[in-house]
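start_28.pdb, holding PDB, C-alpha atoms:
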ATOM      1  CA  MET G   1     -17.592  12.322 -16.467
ATOM      2  CA  THR G   2     -18.929  12.070 -12.918
ATOM      3  CA  PRO G   3     -19.223  15.238 -10.796
ATOM      4  CA  LEU G   4     -17.354  15.389  -7.496
ATOM      5  CA  ARG G   5     -19.224  15.897  -4.247
ATOM      6  CA  TYR G   6     -17.901  16.581  -0.789
ATOM      7  CA  PHE G   7     -19.322  16.124   2.694
ATOM      8  CA  HIS G   8     -18.497  17.928   5.930
ATOM      9  CA  LEU G   9     -17.742  15.287   8.566
ATOM     10  CA  PRO G  10     -16.388  16.899  11.753
ATOM     11  CA  ARG G  11     -15.004  14.362  14.208
ATOM     12  CA  ASP G  12     -12.729  13.961  17.218
ATOM     13  CA  GLY G  13     -12.949  17.678  17.978
ATOM     14  CA  PHE G  14     -11.780  18.743  14.482
ATOM     15  CA  GLU G  15     -14.211  20.866  12.458
ATOM     16  CA  ASN G  16     -12.397  21.055   9.105
ATOM     17  CA  VAL G  17     -12.845  17.417   8.128
ATOM     18  CA  TYR G  18     -14.297  16.552   4.723
ATOM     19  CA  ALA G  19     -14.906  13.497   2.580
ATOM     20  CA  VAL G  20     -14.728  13.706  -1.204
ATOM     21  CA  THR G  21     -16.268  11.269  -3.659
ATOM     22  CA  GLY G  22     -13.911   9.868  -6.281
ATOM     23  CA  THR G  23     -10.348   8.591  -6.287
ATOM     24  CA  PRO G  24      -7.473   9.701  -4.033
ATOM     25  CA  VAL G  25      -6.243  11.947  -6.856
ATOM     26  CA  ASP G  26      -9.715  13.477  -7.187
ATOM     27  CA  ALA G  27      -9.752  14.171  -3.451
ATOM     28  CA  ALA G  28      -6.271  15.730  -3.525
ATOM     29  CA  LYS G  29      -7.013  17.880  -6.580
ATOM     30  CA  PHE G  30     -10.308  19.102  -5.157
ATOM     31  CA  ALA G  31      -8.828  19.838  -1.733
ATOM     32  CA  LEU G  32      -5.795  21.703  -3.098
ATOM     33  CA  ARG G  33      -7.537  23.648  -5.850
ATOM     34  CA  GLY G  34     -11.132  23.977  -4.720
ATOM     35  CA  LEU G  35     -11.911  23.258  -1.098
ATOM     36  CA  MET G  36      -9.041  24.749   0.903
ATOM     37  CA  PRO G  37      -8.793  28.533   1.306
ATOM     38  CA  ARG G  38      -4.991  28.319   0.974
ATOM     39  CA  LEU G  39      -2.447  25.645   0.123
ATOM     40  CA  PRO G  40      -1.454  23.420   3.059
ATOM     41  CA  ASP G  41       2.033  23.012   4.495
ATOM     42  CA  LEU G  42       1.931  19.242   3.948
ATOM     43  CA  VAL G  43       0.008  16.592   2.014
ATOM     44  CA  LEU G  44      -0.304  13.114   3.538
ATOM     45  CA  SER G  45      -1.966  10.371   1.504
ATOM     46  CA  GLY G  46      -3.070   7.170   3.253
ATOM     47  CA  ILE G  47      -2.830   5.228   5.420
ATOM     48  CA  ASN G  48      -3.392   2.642   2.687
ATOM     49  CA  ARG G  49      -4.072  -0.980   3.603
ATOM     50  CA  GLY G  50      -1.661  -2.893   1.383
ATOM     51  CA  GLU G  51       1.946  -2.043   0.555
ATOM     52  CA  ASN G  52       2.926   0.216  -2.312
ATOM     53  CA  THR G  53       6.389  -1.064  -3.179
ATOM     54  CA  GLY G  54       8.215  -1.918  -6.390
ATOM     55  CA  ILE G  55       6.116  -1.708  -9.541
ATOM     56  CA  ASN G  56       3.008  -1.054  -7.431
ATOM     57  CA  LEU G  57       3.992   2.615  -7.414
ATOM     58  CA  LEU G  58       2.760   2.927 -11.004
ATOM     59  CA  TYR G  59      -0.709   1.669 -10.078
ATOM     60  CA  SER G  60      -1.175   3.258  -6.670
ATOM     61  CA  GLY G  61      -3.859   5.831  -5.954
ATOM     62  CA  THR G  62      -2.160   6.520  -2.623
ATOM     63  CA  ILE G  63       1.069   7.493  -4.388
ATOM     64  CA  ALA G  64      -0.812   9.593  -6.936
ATOM     65  CA  GLY G  65      -2.655  11.451  -4.191
ATOM     66  CA  ALA G  66       0.627  12.499  -2.581
ATOM     67  CA  MET G  67       2.194  13.297  -5.946
ATOM     68  CA  GLU G  68      -0.517  15.916  -6.540
ATOM     69  CA  GLY G  69       1.060  17.921  -3.749
ATOM     70  CA  ALA G  70       4.650  17.263  -4.814
ATOM     71  CA  ILE G  71       4.151  18.497  -8.381
ATOM     72  CA  ILE G  72       3.091  21.928  -7.123
ATOM     73  CA  GLY G  73       5.856  22.115  -4.532
ATOM     74  CA  ILE G  74       4.051  21.012  -1.363
ATOM     75  CA  PRO G  75       5.992  18.498   0.791
ATOM     76  CA  SER G  76       4.057  15.261   0.473
ATOM     77  CA  ILE G  77       4.085  11.782   1.996
ATOM     78  CA  ALA G  78       2.297   8.558   1.061
ATOM     79  CA  VAL G  79       1.903   5.938   3.803
ATOM     80  CA  SER G  80       0.913   2.270   3.417
ATOM     81  CA  ILE G  81       0.729  -0.810   5.613
ATOM     82  CA  ALA G  82       2.101  -4.072   4.218
ATOM     83  CA  TRP G  83      -1.124  -5.964   4.884
ATOM     84  CA  SER G  84      -2.296  -8.975   2.896
ATOM     85  CA  LYS G  85      -5.897 -10.047   2.435
ATOM     86  CA  TYR G  86      -4.639 -13.585   2.953
ATOM     87  CA  SER G  87      -3.384 -12.750   6.442
ATOM     88  CA  HIS G  88      -5.504 -13.339   9.530
ATOM     89  CA  LYS G  89      -3.723 -10.478  11.316
ATOM     90  CA  ALA G  90      -5.650  -7.219  11.639
ATOM     91  CA  SER G  91      -4.117  -4.031  10.245
ATOM     92  CA  ASP G  92      -2.081  -2.135  12.850
ATOM     93  CA  TYR G  93      -2.662   1.486  11.910
ATOM     94  CA  LEU G  94      -1.219   2.837  15.170
ATOM     95  CA  THR G  95       2.385   1.963  14.287
ATOM     96  CA  ALA G  96       2.096   3.508  10.820
ATOM     97  CA  ALA G  97       0.324   6.601  12.163
ATOM     98  CA  ALA G  98       2.933   7.217  14.871
ATOM     99  CA  PHE G  99       5.793   6.975  12.383
ATOM    100  CA  ALA G 100       3.947   9.141   9.837
ATOM    101  CA  ARG G 101       3.534  11.845  12.457
ATOM    102  CA  ARG G 102       7.239  11.831  13.347
ATOM    103  CA  LEU G 103       8.218  11.910   9.685
ATOM    104  CA  ALA G 104       5.757  14.705   8.928
ATOM    105  CA  GLU G 105       7.250  16.830  11.692
ATOM    106  CA  LYS G 106      10.734  16.257  10.243
ATOM    107  CA  VAL G 107       9.574  17.076   6.705
ATOM    108  CA  LEU G 108       7.909  20.283   7.894
ATOM    109  CA  ARG G 109      11.197  21.362   9.499
ATOM    110  CA  THR G 110      13.518  20.451   6.612
ATOM    111  CA  GLY G 111      11.352  20.414   3.471
ATOM    112  CA  LEU G 112      11.659  18.231   0.365
ATOM    113  CA  PRO G 113      13.030  18.915  -3.128
ATOM    114  CA  PHE G 114      10.460  20.310  -5.555
ATOM    115  CA  GLY G 115       8.606  17.484  -7.315
ATOM    116  CA  THR G 116       9.732  14.842  -4.809
ATOM    117  CA  MET G 117       7.564  12.989  -2.298
ATOM    118  CA  LEU G 118       8.297  10.310   0.297
ATOM    119  CA  ASN G 119       6.801   6.853  -0.038
ATOM    120  CA  VAL G 120       6.516   5.047   3.309
ATOM    121  CA  ASN G 121       5.740   1.350   3.708
ATOM    122  CA  VAL G 122       5.276  -0.011   7.216
ATOM    123  CA  PRO G 123       5.267  -3.741   8.052
ATOM    124  CA  ASN G 124       2.012  -4.782   9.682
ATOM    125  CA  GLY G 125       2.752  -5.069  13.380
ATOM    126  CA  SER G 126       3.319  -3.260  16.643
ATOM    127  CA  ALA G 127       6.130  -0.755  17.125
ATOM    128  CA  ASN G 128       8.260  -3.225  19.062
ATOM    129  CA  GLU G 129       8.156  -5.629  16.097
ATOM    130  CA  MET G 130       9.882  -3.097  13.819
ATOM    131  CA  LEU G 131      13.641  -3.560  13.422
ATOM    132  CA  GLY G 132      14.248   0.020  12.338
ATOM    133  CA  VAL G 133      13.860   2.429   9.430
ATOM    134  CA  ALA G 134      15.476   1.806   6.030
ATOM    135  CA  VAL G 135      15.950   4.603   3.481
ATOM    136  CA  VAL G 136      15.996   2.561   0.299
ATOM    137  CA  PRO G 137      15.228   2.720  -3.430
ATOM    138  CA  GLN G 138      12.130   1.351  -5.092
ATOM    139  CA  ALA G 139      12.502  -2.346  -5.865
ATOM    140  CA  GLU G 140      12.737  -3.472  -9.464
ATOM    141  CA  SER G 141       9.788  -5.813  -9.751
ATOM    142  CA  HIS G 142       7.053  -7.076 -12.034
ATOM    143  CA  TYR G 143       3.792  -8.940 -11.693
ATOM    144  CA  LEU G 144       3.399 -12.639 -12.372
ATOM    145  CA  GLU G 145      -0.235 -12.551 -13.405
ATOM    146  CA  THR G 146      -2.953 -14.989 -14.322
ATOM    147  CA  ILE G 147      -6.337 -14.298 -15.900
ATOM    148  CA  ASP G 148      -9.002 -16.777 -14.859
ATOM    149  CA  LYS G 149     -11.910 -17.025 -17.301
ATOM    150  CA  ARG G 150     -15.266 -18.072 -15.841
ATOM    151  CA  SER G 151     -18.959 -18.087 -16.719
ATOM    152  CA  ASP G 152     -21.861 -16.883 -14.604
ATOM    153  CA  PRO G 153     -25.111 -18.937 -14.251
ATOM    154  CA  ARG G 154     -26.472 -17.260 -17.398
ATOM    155  CA  GLY G 155     -23.456 -18.210 -19.474
ATOM    156  CA  ASN G 156     -21.915 -14.754 -19.603
ATOM    157  CA  GLU G 157     -18.119 -14.664 -19.406
ATOM    158  CA  TYR G 158     -16.257 -12.835 -16.662
ATOM    159  CA  PHE G 159     -12.624 -12.770 -15.583
ATOM    160  CA  TRP G 160     -10.544 -12.665 -12.401
ATOM    161  CA  ILE G 161      -7.095 -11.077 -12.706
ATOM    162  CA  SER G 162      -4.644 -12.048  -9.975
ATOM    163  CA  GLY G 163      -0.898 -12.070  -9.514
ATOM    164  CA  ILE G 164       2.076 -11.586  -7.237
ATOM    165  CA  ASN G 165       4.573  -8.731  -7.181
ATOM    166  CA  LYS G 166       7.968 -10.394  -7.706
ATOM    167  CA  MET G 167      11.326  -8.732  -7.017
ATOM    168  CA  VAL G 168      13.879  -8.990  -9.836
ATOM    169  CA  ASP G 169      16.800  -8.950  -7.364
ATOM    170  CA  SER G 170      15.900 -10.092  -3.853
ATOM    171  CA  ASN G 171      19.460  -9.463  -2.593
ATOM    172  CA  SER G 172      19.588  -5.709  -3.260
ATOM    173  CA  ASP G 173      18.332  -3.240  -0.678
ATOM    174  CA  SER G 174      14.889  -2.022  -1.668
ATOM    175  CA  ASP G 175      11.472  -1.082  -0.301
ATOM    176  CA  MET G 176      10.100  -4.600  -0.853
ATOM    177  CA  LYS G 177      13.057  -6.340   0.770
ATOM    178  CA  SER G 178      13.081  -3.978   3.756
ATOM    179  CA  VAL G 179       9.382  -4.429   4.509
ATOM    180  CA  ARG G 180       9.725  -8.202   4.393
ATOM    181  CA  GLU G 181      12.572  -7.957   6.896
ATOM    182  CA  LYS G 182      10.414  -5.876   9.281
ATOM    183  CA  TYR G 183      11.941  -2.482   8.524
ATOM    184  CA  ILE G 184       9.886   0.617   7.806
ATOM    185  CA  ALA G 185      10.848   1.550   4.246
ATOM    186  CA  VAL G 186      11.145   5.211   3.210
ATOM    187  CA  THR G 187      11.753   5.985  -0.472
ATOM    188  CA  PRO G 188      12.019   9.387  -2.202
ATOM    189  CA  ILE G 189       9.920   9.377  -5.373
ATOM    190  CA  ALA G 190      10.269  12.027  -8.092
ATOM    191  CA  ALA G 191       7.532  13.150 -10.459
ATOM    192  CA  ARG G 192       9.909  13.125 -13.439
ATOM    193  CA  LEU G 193      10.036   9.635 -14.968
ATOM    194  CA  THR G 194      12.384  10.190 -17.926
ATOM    195  CA  ASN G 195      15.001   7.477 -18.475
ATOM    196  CA  GLU G 196      17.929   9.871 -18.831
ATOM    197  CA  ALA G 197      20.433   7.095 -19.644
ATOM    198  CA  PHE G 198      18.420   6.063 -22.706
ATOM    199  CA  LEU G 199      17.798   9.528 -24.135
ATOM    200  CA  ASN G 200      20.911   9.775 -26.325
ATOM    201  CA  GLU G 201      20.450   6.271 -27.709
ATOM    202  CA  LEU G 202      16.818   7.054 -28.561
ATOM    203  CA  ARG G 203      17.878  10.257 -30.313
ATOM    204  CA  GLY G 204      20.129   8.091 -32.489
ATOM    205  CA  TRP G 205      17.118   6.216 -33.873
ATOM    206  CA  ASN G 206      16.509   9.062 -36.396
ATOM    207  CA  LEU G 207      12.753   9.033 -35.872
ATOM    208  CA  GLU G 208      12.021  12.083 -38.076
TER     209      GLU G 208
END

For the structure just supplied, provide its representation as structure tokens.
Amino acid sequence: MTPLRYFHLPRDGFENVYAVTGTPVDAAKFALRGLMPRLPDLVLSGINRGENTGINLLYSGTIAGAMEGAIIGIPSIAVSIAWSKYSHKASDYLTAAAFARRLAEKVLRTGLPFGTMLNVNVPNGSANEMLGVAVVPQAESHYLETIDKRSDPRGNEYFWISGINKMVDSNSDSDMKSVREKYIAVTPIAARLTNEAFLNELRGWNLE
């Protein structure tokens, strides 16, 4: 176990600005349950550089940071830019930030269902490059991965894991498809992951 530490970093005229060591979930937990004198009206996680679409949701620290708020009933939003390390184009945070602000204002007015957060993925580009906003489901996808085994100069083995996130159905509306078509994708994500359709069949397995 590694202890958490926080640092007071006032900037841009705002005094209550802090940095927390650890993961996004660590930061969210510490802020909500230790640092803040009362619970906030909204949790916003991000802006992450790199999209969180499809199966990426299960691996994402940005999603998990927002989910910390959702599971205790605080309206929460995760925001990511669909940026690739293989692209020569710089990340355009302004477009994502402007949309996140508008969405946050709407969420504060209307609220969200308990245990539900919004996952936002913004194509990397200026506002005039966006074709609109798509409210879509999470894509069904999986990783096509490779593990590259190598040796360092001393003969010790090490490995590089790489892969691409591949859509199962590229014709269905989804977060991945929308981002690739230059739409800002907004997806409601629930904390409960139970496969309700499979429950009765699983009960028929007589596992006792």

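Note on the selection: in this file the PyMOL selection byres ((chain G and resi 66) around 10) comes out as Pro24, Val25, Ala28, Leu42, Val43, Leu44, Ser45, Gly46, Gly61, Thr62, Ile63, Ala64, Gly65, Met67, Glu68, Gly69, Ala70, Ile71, Ile74, Pro75, Ser76, Ile77, Ala78, Val79, Thr116, Met117, Leu118 and Asn119 of chain G.
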
Check: Using all atoms listed in the file, can you list as an MDAnalysis selection string the residues within 8 Å of (2.9, -0.5, 18.4)?
Finding: chainID G and resid 92 94:95 125:129

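Nearest to G:Gly50 of all the residues G:Pro137, G:Gly163, G:Gly132, G:Pro123 is G:Pro123, counting only C-alpha atoms.
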
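Interatomic distance, atom CA of G:Gly22 against atom CA of G:Tyr6: 9.5 Å.
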
Once you count all atoms listed in the file, which residues end up no further than 12 Å from (-8.9, -12.6, -6.2) in the file's frame, shown as a CSV table (one decimal) with C-alpha atoms, in the coordinates of the input?
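Saved file part.csv follows:
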chain,number,residue,atom,x,y,z
G,84,SER,CA,-2.3,-9.0,2.9
G,85,LYS,CA,-5.9,-10.0,2.4
G,86,TYR,CA,-4.6,-13.6,3.0
G,145,GLU,CA,-0.2,-12.6,-13.4
G,146,THR,CA,-3.0,-15.0,-14.3
G,147,ILE,CA,-6.3,-14.3,-15.9
G,148,ASP,CA,-9.0,-16.8,-14.9
G,159,PHE,CA,-12.6,-12.8,-15.6
G,160,TRP,CA,-10.5,-12.7,-12.4
G,161,ILE,CA,-7.1,-11.1,-12.7
G,162,SER,CA,-4.6,-12.0,-10.0
G,163,GLY,CA,-0.9,-12.1,-9.5
G,164,ILE,CA,2.1,-11.6,-7.2
